Amino acid sequence: MFHIVLVEPEIPQNTGNIARTCAATGCELHLVHPLGFEISDKQLKRAGLDYWDLVRVHEHGSFEELAAAYPHARFFFFTTKAKHNYTEAEYREGDFLVFGKETKGLPEELLVRHPDECVRIPMIDKSRSLNLSNSAAIAVYEGLRQNGFRNLLQEGELHRLKW
């Protein structure tokens, strides 16, 4: 449905949790190097539980390499520095939802090059940021909601969501 991109993730448990979200939603996971852990990391595997066989994982040497591999893709960059809320974006199947490393977020040069595609998840001023795996789940489910939860619901289930 969507592509979740983690640019230089540092914490294996977050990546494992995001992989689990990908498994549950049919999203693909893209990891942009350098990573702060080994792909074989025990904590990474544990956080993803037994869902790894349900996830398509792609590794890229840089964000530029990823973008070149998908030249017609639409990218949304999640950052606390954006002016627009994530709910203002109109997500389509195949979009890339891009998140930065836990300690620093996305590289500034990436945000400067794509100001109109930057979105934020609102929070109170005193809070620095949300957990990376929580942010990815919020973004994915907003995209799924906008697209009627296509591919997730069994025939006849959609009417139960409309109270």
# chains A, B, ... in the order shown; residues from 1 in each chain; ligands from 1
$ select_by_dssp --residues "stretch 13-102 of chain A" --states "strand (DSSP E or B)" --output "PyMOL selection string"
chain A and resi 28-32+57-60+75-78+84-85+96-99+101
$ residues_around --residues "stretch 56-62 of chain A" --least-positions-apart "3" --cutoff "12 Å" --atoms "only C-alpha atoms" --output "PyMOL selection string"
chain A and resi 1-9+15-16+18-35+39+51-53+65-70+107+110
$ residues_around --residues "A:Glu10" --least-positions-apart "5" --cutoff "7 Å" --atoms "only C-alpha atoms" --output "PDB file with all heavy atoms, in the first residue's frame"
ATOM      1  N   LEU A  35      22.975   2.462   9.075  1.00  0.00           N
ATOM      2  CA  LEU A  35      22.071   2.049  10.138  1.00  0.00           C
ATOM      3  C   LEU A  35      22.838   2.040  11.458  1.00  0.00           C
ATOM      4  O   LEU A  35      24.035   1.785  11.476  1.00  0.00           O
ATOM      5  CB  LEU A  35      21.512   0.650   9.864  1.00  0.00           C
ATOM      6  CG  LEU A  35      20.877   0.405   8.486  1.00  0.00           C
ATOM      7  CD1 LEU A  35      20.390  -1.038   8.386  1.00  0.00           C
ATOM      8  CD2 LEU A  35      19.741   1.375   8.229  1.00  0.00           C
ATOM      9  N   GLY A  36      22.121   2.273  12.539  1.00  0.00           N
ATOM     10  CA  GLY A  36      22.747   2.269  13.853  1.00  0.00           C
ATOM     11  C   GLY A  36      22.787   0.890  14.484  1.00  0.00           C
ATOM     12  O   GLY A  36      22.999   0.768  15.685  1.00  0.00           O
ATOM     13  N   PHE A  37      22.589  -0.150  13.695  1.00  0.00           N
ATOM     14  CA  PHE A  37      22.539  -1.521  14.182  1.00  0.00           C
ATOM     15  C   PHE A  37      22.757  -2.447  13.008  1.00  0.00           C
ATOM     16  O   PHE A  37      22.747  -2.023  11.859  1.00  0.00           O
ATOM     17  CB  PHE A  37      21.179  -1.818  14.838  1.00  0.00           C
ATOM     18  CG  PHE A  37      20.018  -1.403  13.972  1.00  0.00           C
ATOM     19  CD1 PHE A  37      19.515  -2.249  12.981  1.00  0.00           C
ATOM     20  CD2 PHE A  37      19.435  -0.155  14.117  1.00  0.00           C
ATOM     21  CE1 PHE A  37      18.472  -1.864  12.160  1.00  0.00           C
ATOM     22  CE2 PHE A  37      18.383   0.238  13.301  1.00  0.00           C
ATOM     23  CZ  PHE A  37      17.898  -0.616  12.330  1.00  0.00           C
ATOM     24  N   LYS A 101      16.261   9.807  11.559  1.00  0.00           N
ATOM     25  CA  LYS A 101      16.823   9.091  12.702  1.00  0.00           C
ATOM     26  C   LYS A 101      16.246   9.638  14.006  1.00  0.00           C
ATOM     27  O   LYS A 101      15.817  10.792  14.090  1.00  0.00           O
ATOM     28  CB  LYS A 101      18.341   9.149  12.691  1.00  0.00           C
ATOM     29  CG  LYS A 101      18.926  10.527  12.868  1.00  0.00           C
ATOM     30  CD  LYS A 101      20.436  10.510  13.047  1.00  0.00           C
ATOM     31  CE  LYS A 101      21.151  10.316  11.749  1.00  0.00           C
ATOM     32  NZ  LYS A 101      22.613  10.381  11.898  1.00  0.00           N
ATOM     33  N   GLU A 102      16.244   8.793  15.012  1.00  0.00           N
ATOM     34  CA  GLU A 102      15.615   9.105  16.285  1.00  0.00           C
ATOM     35  C   GLU A 102      16.200  10.338  16.975  1.00  0.00           C
ATOM     36  O   GLU A 102      15.463  11.114  17.578  1.00  0.00           O
ATOM     37  CB  GLU A 102      15.712   7.904  17.241  1.00  0.00           C
ATOM     38  CG  GLU A 102      14.847   6.736  16.842  1.00  0.00           C
ATOM     39  CD  GLU A 102      15.506   5.741  15.903  1.00  0.00           C
ATOM     40  OE1 GLU A 102      16.523   6.083  15.258  1.00  0.00           O
ATOM     41  OE2 GLU A 102      14.993   4.621  15.799  1.00  0.00           O
TER      42      GLU A 102
END
$ atom_distance --atom1 "atom CA of A:Leu54" --atom2 "atom CA of A:Arg120"
28.5 Å
$ atom_distance --atom1 "atom CA of A:Lys104" --atom2 "atom CA of A:Val140"
21.3 Å
$ select_by_dssp --residues "chain A" --states "alpha helix (DSSP H)" --output "compact mmCIF listing (two decimals) with all heavy atoms, in the first residue's frame"
# COMPACT_ATOMS: atom_id res chain seq x y z
N PRO A 12 17.22 -0.38 17.05
CA PRO A 12 16.67 -1.58 16.40
C PRO A 12 15.23 -1.88 16.80
O PRO A 12 14.45 -2.35 15.98
CB PRO A 12 17.62 -2.70 16.83
CG PRO A 12 18.36 -2.18 18.01
CD PRO A 12 18.40 -0.69 17.87
N GLN A 13 14.85 -1.60 18.04
CA GLN A 13 13.49 -1.89 18.47
C GLN A 13 12.47 -1.06 17.69
O GLN A 13 11.39 -1.55 17.36
CB GLN A 13 13.32 -1.64 19.98
CG GLN A 13 14.13 -2.57 20.84
CD GLN A 13 15.52 -2.03 21.17
OE1 GLN A 13 16.09 -1.23 20.44
NE2 GLN A 13 16.08 -2.50 22.27
N ASN A 14 12.80 0.19 17.41
CA ASN A 14 11.88 1.02 16.62
C ASN A 14 11.71 0.45 15.22
O ASN A 14 10.60 0.35 14.70
CB ASN A 14 12.38 2.46 16.53
CG ASN A 14 12.12 3.25 17.79
OD1 ASN A 14 11.19 2.97 18.54
ND2 ASN A 14 12.94 4.24 18.03
N THR A 15 12.81 0.07 14.60
CA THR A 15 12.75 -0.50 13.26
C THR A 15 11.96 -1.81 13.27
O THR A 15 11.15 -2.07 12.38
CB THR A 15 14.16 -0.70 12.68
OG1 THR A 15 14.80 0.59 12.62
CG2 THR A 15 14.12 -1.29 11.29
N GLY A 16 12.17 -2.62 14.28
CA GLY A 16 11.40 -3.86 14.41
C GLY A 16 9.91 -3.60 14.57
O GLY A 16 9.08 -4.28 13.94
N ASN A 17 9.56 -2.61 15.38
CA ASN A 17 8.14 -2.26 15.55
C ASN A 17 7.54 -1.76 14.25
O ASN A 17 6.39 -2.08 13.91
CB ASN A 17 7.97 -1.21 16.64
CG ASN A 17 8.19 -1.76 18.03
OD1 ASN A 17 8.07 -2.96 18.26
ND2 ASN A 17 8.54 -0.89 18.95
N ILE A 18 8.30 -0.97 13.51
CA ILE A 18 7.82 -0.46 12.22
C ILE A 18 7.67 -1.61 11.23
O ILE A 18 6.71 -1.64 10.45
CB ILE A 18 8.74 0.66 11.71
CG1 ILE A 18 8.61 1.88 12.64
CG2 ILE A 18 8.41 1.03 10.27
CD1 ILE A 18 9.67 2.93 12.44
N ALA A 19 8.57 -2.55 11.27
CA ALA A 19 8.44 -3.73 10.40
C ALA A 19 7.15 -4.48 10.72
O ALA A 19 6.46 -4.97 9.81
CB ALA A 19 9.65 -4.65 10.57
N ARG A 20 6.82 -4.55 11.97
CA ARG A 20 5.57 -5.22 12.37
C ARG A 20 4.36 -4.44 11.84
O ARG A 20 3.39 -5.05 11.37
CB ARG A 20 5.52 -5.32 13.89
CG ARG A 20 4.39 -6.16 14.40
CD ARG A 20 4.52 -6.38 15.88
NE ARG A 20 3.42 -7.19 16.36
CZ ARG A 20 3.26 -7.51 17.61
NH1 ARG A 20 4.13 -7.12 18.53
NH2 ARG A 20 2.22 -8.24 17.98
N THR A 21 4.41 -3.12 11.88
CA THR A 21 3.33 -2.31 11.30
C THR A 21 3.25 -2.56 9.80
O THR A 21 2.15 -2.68 9.24
CB THR A 21 3.58 -0.81 11.59
OG1 THR A 21 3.52 -0.60 13.01
CG2 THR A 21 2.54 0.07 10.91
N CYS A 22 4.39 -2.66 9.14
CA CYS A 22 4.40 -2.96 7.71
C CYS A 22 3.75 -4.31 7.43
O CYS A 22 2.96 -4.45 6.50
CB CYS A 22 5.83 -2.95 7.17
SG CYS A 22 6.59 -1.33 7.07
N ALA A 23 4.08 -5.28 8.24
CA ALA A 23 3.52 -6.63 8.06
C ALA A 23 2.00 -6.60 8.20
O ALA A 23 1.29 -7.27 7.46
CB ALA A 23 4.13 -7.59 9.06
N ALA A 24 1.50 -5.82 9.14
CA ALA A 24 0.06 -5.79 9.41
C ALA A 24 -0.72 -4.96 8.39
O ALA A 24 -1.94 -5.10 8.29
CB ALA A 24 -0.18 -5.22 10.81
N THR A 25 -0.02 -4.13 7.63
CA THR A 25 -0.71 -3.22 6.72
C THR A 25 -0.35 -3.41 5.25
O THR A 25 -0.92 -2.75 4.39
CB THR A 25 -0.40 -1.75 7.10
OG1 THR A 25 1.02 -1.54 7.04
CG2 THR A 25 -0.93 -1.42 8.49
N LYS A 42 19.63 -8.99 17.29
CA LYS A 42 18.65 -9.78 18.04
C LYS A 42 17.46 -8.92 18.48
O LYS A 42 16.32 -9.36 18.43
CB LYS A 42 19.33 -10.41 19.25
CG LYS A 42 18.44 -11.28 20.11
CD LYS A 42 19.22 -12.04 21.17
CE LYS A 42 19.97 -11.10 22.08
NZ LYS A 42 20.64 -11.77 23.21
N GLN A 43 17.71 -7.69 18.90
CA GLN A 43 16.62 -6.81 19.35
C GLN A 43 15.71 -6.42 18.18
O GLN A 43 14.51 -6.29 18.34
CB GLN A 43 17.20 -5.58 20.02
CG GLN A 43 17.91 -5.91 21.32
CD GLN A 43 18.65 -4.72 21.87
OE1 GLN A 43 19.28 -3.97 21.14
NE2 GLN A 43 18.60 -4.57 23.18
N LEU A 44 16.29 -6.23 17.02
CA LEU A 44 15.51 -5.93 15.83
C LEU A 44 14.58 -7.08 15.51
O LEU A 44 13.38 -6.90 15.29
CB LEU A 44 16.44 -5.65 14.65
CG LEU A 44 15.80 -5.43 13.29
CD1 LEU A 44 15.09 -4.09 13.24
CD2 LEU A 44 16.85 -5.50 12.20
N LYS A 45 15.12 -8.27 15.49
CA LYS A 45 14.32 -9.46 15.18
C LYS A 45 13.22 -9.67 16.23
O LYS A 45 12.09 -10.00 15.90
CB LYS A 45 15.20 -10.71 15.10
CG LYS A 45 16.26 -10.64 14.03
CD LYS A 45 15.66 -10.65 12.65
CE LYS A 45 16.76 -10.68 11.60
NZ LYS A 45 16.29 -10.49 10.27
N ARG A 46 13.55 -9.47 17.49
CA ARG A 46 12.58 -9.68 18.56
C ARG A 46 11.43 -8.67 18.44
O ARG A 46 10.27 -9.02 18.62
CB ARG A 46 13.25 -9.54 19.93
CG ARG A 46 12.28 -9.83 21.08
CD ARG A 46 12.93 -9.70 22.44
NE ARG A 46 14.13 -10.51 22.56
CZ ARG A 46 15.28 -10.05 23.08
NH1 ARG A 46 15.37 -8.83 23.52
NH2 ARG A 46 16.32 -10.84 23.15
N ALA A 47 11.74 -7.41 18.16
CA ALA A 47 10.69 -6.39 18.05
C ALA A 47 9.75 -6.67 16.88
O ALA A 47 8.56 -6.37 16.95
CB ALA A 47 11.32 -5.00 17.89
N PHE A 63 19.69 8.33 0.53
CA PHE A 63 18.35 8.72 0.11
C PHE A 63 18.32 8.98 -1.39
O PHE A 63 17.33 8.68 -2.07
CB PHE A 63 17.84 9.95 0.88
CG PHE A 63 16.43 10.29 0.49
CD1 PHE A 63 15.36 9.59 1.05
CD2 PHE A 63 16.17 11.26 -0.47
CE1 PHE A 63 14.06 9.86 0.66
CE2 PHE A 63 14.87 11.53 -0.86
CZ PHE A 63 13.81 10.83 -0.29
N GLU A 64 19.39 9.54 -1.93
CA GLU A 64 19.46 9.81 -3.36
C GLU A 64 19.34 8.52 -4.17
O GLU A 64 18.70 8.49 -5.22
CB GLU A 64 20.75 10.55 -3.70
CG GLU A 64 20.82 11.98 -3.18
CD GLU A 64 20.97 12.10 -1.66
OE1 GLU A 64 21.48 11.14 -1.01
OE2 GLU A 64 20.55 13.13 -1.12
N GLU A 65 19.95 7.46 -3.69
CA GLU A 65 19.86 6.16 -4.35
C GLU A 65 18.40 5.66 -4.35
O GLU A 65 17.91 5.16 -5.35
CB GLU A 65 20.76 5.16 -3.62
CG GLU A 65 20.74 3.76 -4.20
CD GLU A 65 21.59 2.81 -3.36
OE1 GLU A 65 22.80 3.08 -3.22
OE2 GLU A 65 21.02 1.83 -2.84
N LEU A 66 17.74 5.82 -3.23
CA LEU A 66 16.33 5.43 -3.13
C LEU A 66 15.47 6.24 -4.10
O LEU A 66 14.68 5.68 -4.87
CB LEU A 66 15.82 5.64 -1.70
CG LEU A 66 14.31 5.65 -1.49
CD1 LEU A 66 13.71 4.27 -1.72
CD2 LEU A 66 13.96 6.15 -0.11
N ALA A 67 15.64 7.56 -4.09
CA ALA A 67 14.85 8.43 -4.97
C ALA A 67 15.10 8.11 -6.44
O ALA A 67 14.17 8.12 -7.25
CB ALA A 67 15.16 9.90 -4.68
N ALA A 68 16.32 7.79 -6.80
CA ALA A 68 16.65 7.44 -8.18
C ALA A 68 15.99 6.12 -8.60
O ALA A 68 15.62 5.95 -9.76
CB ALA A 68 18.16 7.36 -8.37
N ALA A 69 15.83 5.22 -7.64
CA ALA A 69 15.20 3.92 -7.93
C ALA A 69 13.69 4.06 -8.16
O ALA A 69 13.08 3.19 -8.79
CB ALA A 69 15.47 2.94 -6.80
N GLU A 108 18.66 18.29 7.24
CA GLU A 108 18.14 19.62 6.89
C GLU A 108 18.09 19.85 5.37
O GLU A 108 17.13 20.41 4.85
CB GLU A 108 19.01 20.70 7.56
CG GLU A 108 18.44 22.09 7.45
CD GLU A 108 17.17 22.30 8.24
OE1 GLU A 108 16.97 21.64 9.27
OE2 GLU A 108 16.33 23.13 7.81
N GLU A 109 19.13 19.38 4.66
CA GLU A 109 19.16 19.60 3.20
C GLU A 109 18.00 18.91 2.49
O GLU A 109 17.50 19.39 1.47
CB GLU A 109 20.50 19.19 2.59
CG GLU A 109 20.85 17.73 2.72
CD GLU A 109 21.61 17.38 3.98
OE1 GLU A 109 21.75 18.22 4.89
OE2 GLU A 109 22.06 16.22 4.07
N LEU A 110 17.54 17.81 3.03
CA LEU A 110 16.39 17.10 2.46
C LEU A 110 15.11 17.91 2.67
O LEU A 110 14.29 18.03 1.76
CB LEU A 110 16.27 15.72 3.12
CG LEU A 110 15.55 14.63 2.39
CD1 LEU A 110 16.09 14.40 0.99
CD2 LEU A 110 15.64 13.34 3.20
N LEU A 111 14.97 18.50 3.83
CA LEU A 111 13.79 19.32 4.14
C LEU A 111 13.77 20.59 3.29
O LEU A 111 12.72 21.00 2.80
CB LEU A 111 13.76 19.67 5.62
CG LEU A 111 13.79 18.49 6.59
CD1 LEU A 111 13.80 18.99 8.03
CD2 LEU A 111 12.63 17.55 6.35
N VAL A 112 14.93 21.18 3.09
CA VAL A 112 15.03 22.41 2.30
C VAL A 112 14.69 22.14 0.84
O VAL A 112 14.04 22.97 0.18
CB VAL A 112 16.45 23.02 2.44
CG1 VAL A 112 16.68 24.14 1.45
CG2 VAL A 112 16.66 23.51 3.86
N ARG A 113 15.09 20.99 0.32
CA ARG A 113 14.80 20.64 -1.08
C ARG A 113 13.34 20.30 -1.32
O ARG A 113 12.87 20.36 -2.46
CB ARG A 113 15.66 19.44 -1.52
CG ARG A 113 17.07 19.80 -1.88
CD ARG A 113 17.74 18.64 -2.56
NE ARG A 113 17.52 17.40 -1.82
CZ ARG A 113 18.44 16.47 -1.61
NH1 ARG A 113 19.63 16.61 -2.11
NH2 ARG A 113 18.17 15.39 -0.93
N LEU A 132 9.58 7.19 17.11
CA LEU A 132 9.62 6.94 15.67
C LEU A 132 8.60 5.90 15.22
O LEU A 132 7.89 6.09 14.24
CB LEU A 132 11.04 6.50 15.25
CG LEU A 132 11.25 6.18 13.78
CD1 LEU A 132 10.97 7.40 12.91
CD2 LEU A 132 12.66 5.67 13.55
N SER A 133 8.50 4.80 15.94
CA SER A 133 7.56 3.76 15.51
C SER A 133 6.11 4.21 15.68
O SER A 133 5.25 3.86 14.87
CB SER A 133 7.81 2.43 16.24
OG SER A 133 7.61 2.55 17.62
N ASN A 134 5.84 5.03 16.70
CA ASN A 134 4.48 5.58 16.85
C ASN A 134 4.16 6.53 15.71
O ASN A 134 3.06 6.52 15.17
CB ASN A 134 4.34 6.31 18.19
CG ASN A 134 4.38 5.37 19.37
OD1 ASN A 134 4.16 4.18 19.24
ND2 ASN A 134 4.69 5.92 20.53
N SER A 135 5.12 7.36 15.34
CA SER A 135 4.92 8.32 14.24
C SER A 135 4.64 7.60 12.94
O SER A 135 3.75 7.99 12.18
CB SER A 135 6.14 9.22 14.09
OG SER A 135 6.34 10.00 15.25
N ALA A 136 5.39 6.55 12.66
CA ALA A 136 5.18 5.79 11.43
C ALA A 136 3.79 5.17 11.42
O ALA A 136 3.10 5.19 10.39
CB ALA A 136 6.26 4.72 11.27
N ALA A 137 3.35 4.62 12.55
CA ALA A 137 2.02 4.01 12.62
C ALA A 137 0.92 5.06 12.42
O ALA A 137 -0.06 4.81 11.69
CB ALA A 137 1.84 3.29 13.96
N ILE A 138 1.08 6.22 13.02
CA ILE A 138 0.10 7.30 12.84
C ILE A 138 -0.01 7.66 11.37
O ILE A 138 -1.11 7.79 10.82
CB ILE A 138 0.50 8.53 13.69
CG1 ILE A 138 0.28 8.24 15.18
CG2 ILE A 138 -0.28 9.77 13.25
CD1 ILE A 138 0.90 9.28 16.10
N ALA A 139 1.12 7.82 10.71
CA ALA A 139 1.15 8.21 9.30
C ALA A 139 0.52 7.15 8.41
O ALA A 139 -0.31 7.45 7.54
CB ALA A 139 2.58 8.48 8.86
N VAL A 140 0.90 5.90 8.62
CA VAL A 140 0.37 4.81 7.79
C VAL A 140 -1.14 4.71 7.92
O VAL A 140 -1.86 4.60 6.93
CB VAL A 140 1.04 3.46 8.15
CG1 VAL A 140 0.28 2.29 7.55
CG2 VAL A 140 2.48 3.45 7.68
N TYR A 141 -1.63 4.78 9.14
CA TYR A 141 -3.07 4.61 9.33
C TYR A 141 -3.87 5.81 8.84
O TYR A 141 -5.02 5.66 8.43
CB TYR A 141 -3.39 4.23 10.77
CG TYR A 141 -3.32 2.73 10.91
CD1 TYR A 141 -2.13 2.10 11.24
CD2 TYR A 141 -4.42 1.93 10.63
CE1 TYR A 141 -2.05 0.71 11.32
CE2 TYR A 141 -4.36 0.55 10.70
CZ TYR A 141 -3.17 -0.05 11.05
OH TYR A 141 -3.11 -1.42 11.11
N GLU A 142 -3.28 7.00 8.81
CA GLU A 142 -3.97 8.13 8.18
C GLU A 142 -4.07 7.89 6.68
O GLU A 142 -5.11 8.12 6.07
CB GLU A 142 -3.25 9.44 8.46
CG GLU A 142 -3.82 10.65 7.71
CD GLU A 142 -5.28 10.97 8.02
OE1 GLU A 142 -5.83 10.50 9.03
OE2 GLU A 142 -5.89 11.71 7.22
N GLY A 143 -2.98 7.43 6.08
CA GLY A 143 -3.02 7.11 4.65
C GLY A 143 -4.03 6.02 4.34
O GLY A 143 -4.78 6.09 3.37
N LEU A 144 -4.06 4.99 5.17
CA LEU A 144 -5.03 3.91 4.98
C LEU A 144 -6.46 4.41 5.14
O LEU A 144 -7.35 4.06 4.37
CB LEU A 144 -4.75 2.77 5.96
CG LEU A 144 -3.47 1.99 5.72
CD1 LEU A 144 -3.18 1.06 6.90
CD2 LEU A 144 -3.54 1.21 4.43
N ARG A 145 -6.68 5.25 6.15
CA ARG A 145 -8.02 5.81 6.36
C ARG A 145 -8.48 6.61 5.14
O ARG A 145 -9.59 6.44 4.65
CB ARG A 145 -8.04 6.71 7.60
CG ARG A 145 -9.43 7.27 7.94
CD ARG A 145 -9.35 8.42 8.92
NE ARG A 145 -8.70 9.59 8.35
CZ ARG A 145 -9.30 10.46 7.51
NH1 ARG A 145 -10.54 10.28 7.12
NH2 ARG A 145 -8.64 11.51 7.05
N GLN A 146 -7.57 7.45 4.62
CA GLN A 146 -7.92 8.25 3.45
C GLN A 146 -8.24 7.39 2.25
O GLN A 146 -8.99 7.82 1.37
CB GLN A 146 -6.78 9.22 3.10
CG GLN A 146 -6.63 10.36 4.05
CD GLN A 146 -5.55 11.33 3.60
OE1 GLN A 146 -5.12 11.33 2.43
NE2 GLN A 146 -5.10 12.19 4.50
N LEU A 158 -16.35 -2.91 5.67
CA LEU A 158 -16.28 -1.46 5.58
C LEU A 158 -17.53 -0.80 6.16
O LEU A 158 -17.44 0.22 6.84
CB LEU A 158 -16.06 -1.02 4.13
CG LEU A 158 -15.82 0.46 3.92
CD1 LEU A 158 -14.61 0.95 4.73
CD2 LEU A 158 -15.57 0.74 2.46
N HIS A 159 -18.70 -1.38 5.94
CA HIS A 159 -19.92 -0.75 6.44
C HIS A 159 -19.95 -0.67 7.95
O HIS A 159 -20.54 0.22 8.52
CB HIS A 159 -21.17 -1.48 5.91
CG HIS A 159 -21.43 -2.78 6.59
ND1 HIS A 159 -20.75 -3.93 6.26
CD2 HIS A 159 -22.27 -3.10 7.60
CE1 HIS A 159 -21.17 -4.92 7.03
NE2 HIS A 159 -22.10 -4.45 7.85
N ARG A 160 -19.26 -1.55 8.65
CA ARG A 160 -19.23 -1.51 10.11
C ARG A 160 -18.39 -0.37 10.63
O ARG A 160 -18.53 0.05 11.77
CB ARG A 160 -18.70 -2.84 10.66
CG ARG A 160 -19.73 -3.95 10.53
CD ARG A 160 -19.25 -5.17 11.22
NE ARG A 160 -18.18 -5.75 10.43
CZ ARG A 160 -17.60 -6.91 10.68
NH1 ARG A 160 -17.96 -7.61 11.72
NH2 ARG A 160 -16.66 -7.37 9.89
N LEU A 161 -17.47 0.17 9.83
CA LEU A 161 -16.66 1.30 10.23
C LEU A 161 -17.43 2.61 10.19
O LEU A 161 -17.06 3.58 10.82
CB LEU A 161 -15.42 1.42 9.35
CG LEU A 161 -14.40 0.29 9.49
CD1 LEU A 161 -13.26 0.53 8.50
CD2 LEU A 161 -13.86 0.22 10.89
$ atom_distance --atom1 "atom CA of A:His84" --atom2 "atom CA of A:Cys118"
7.1 Å
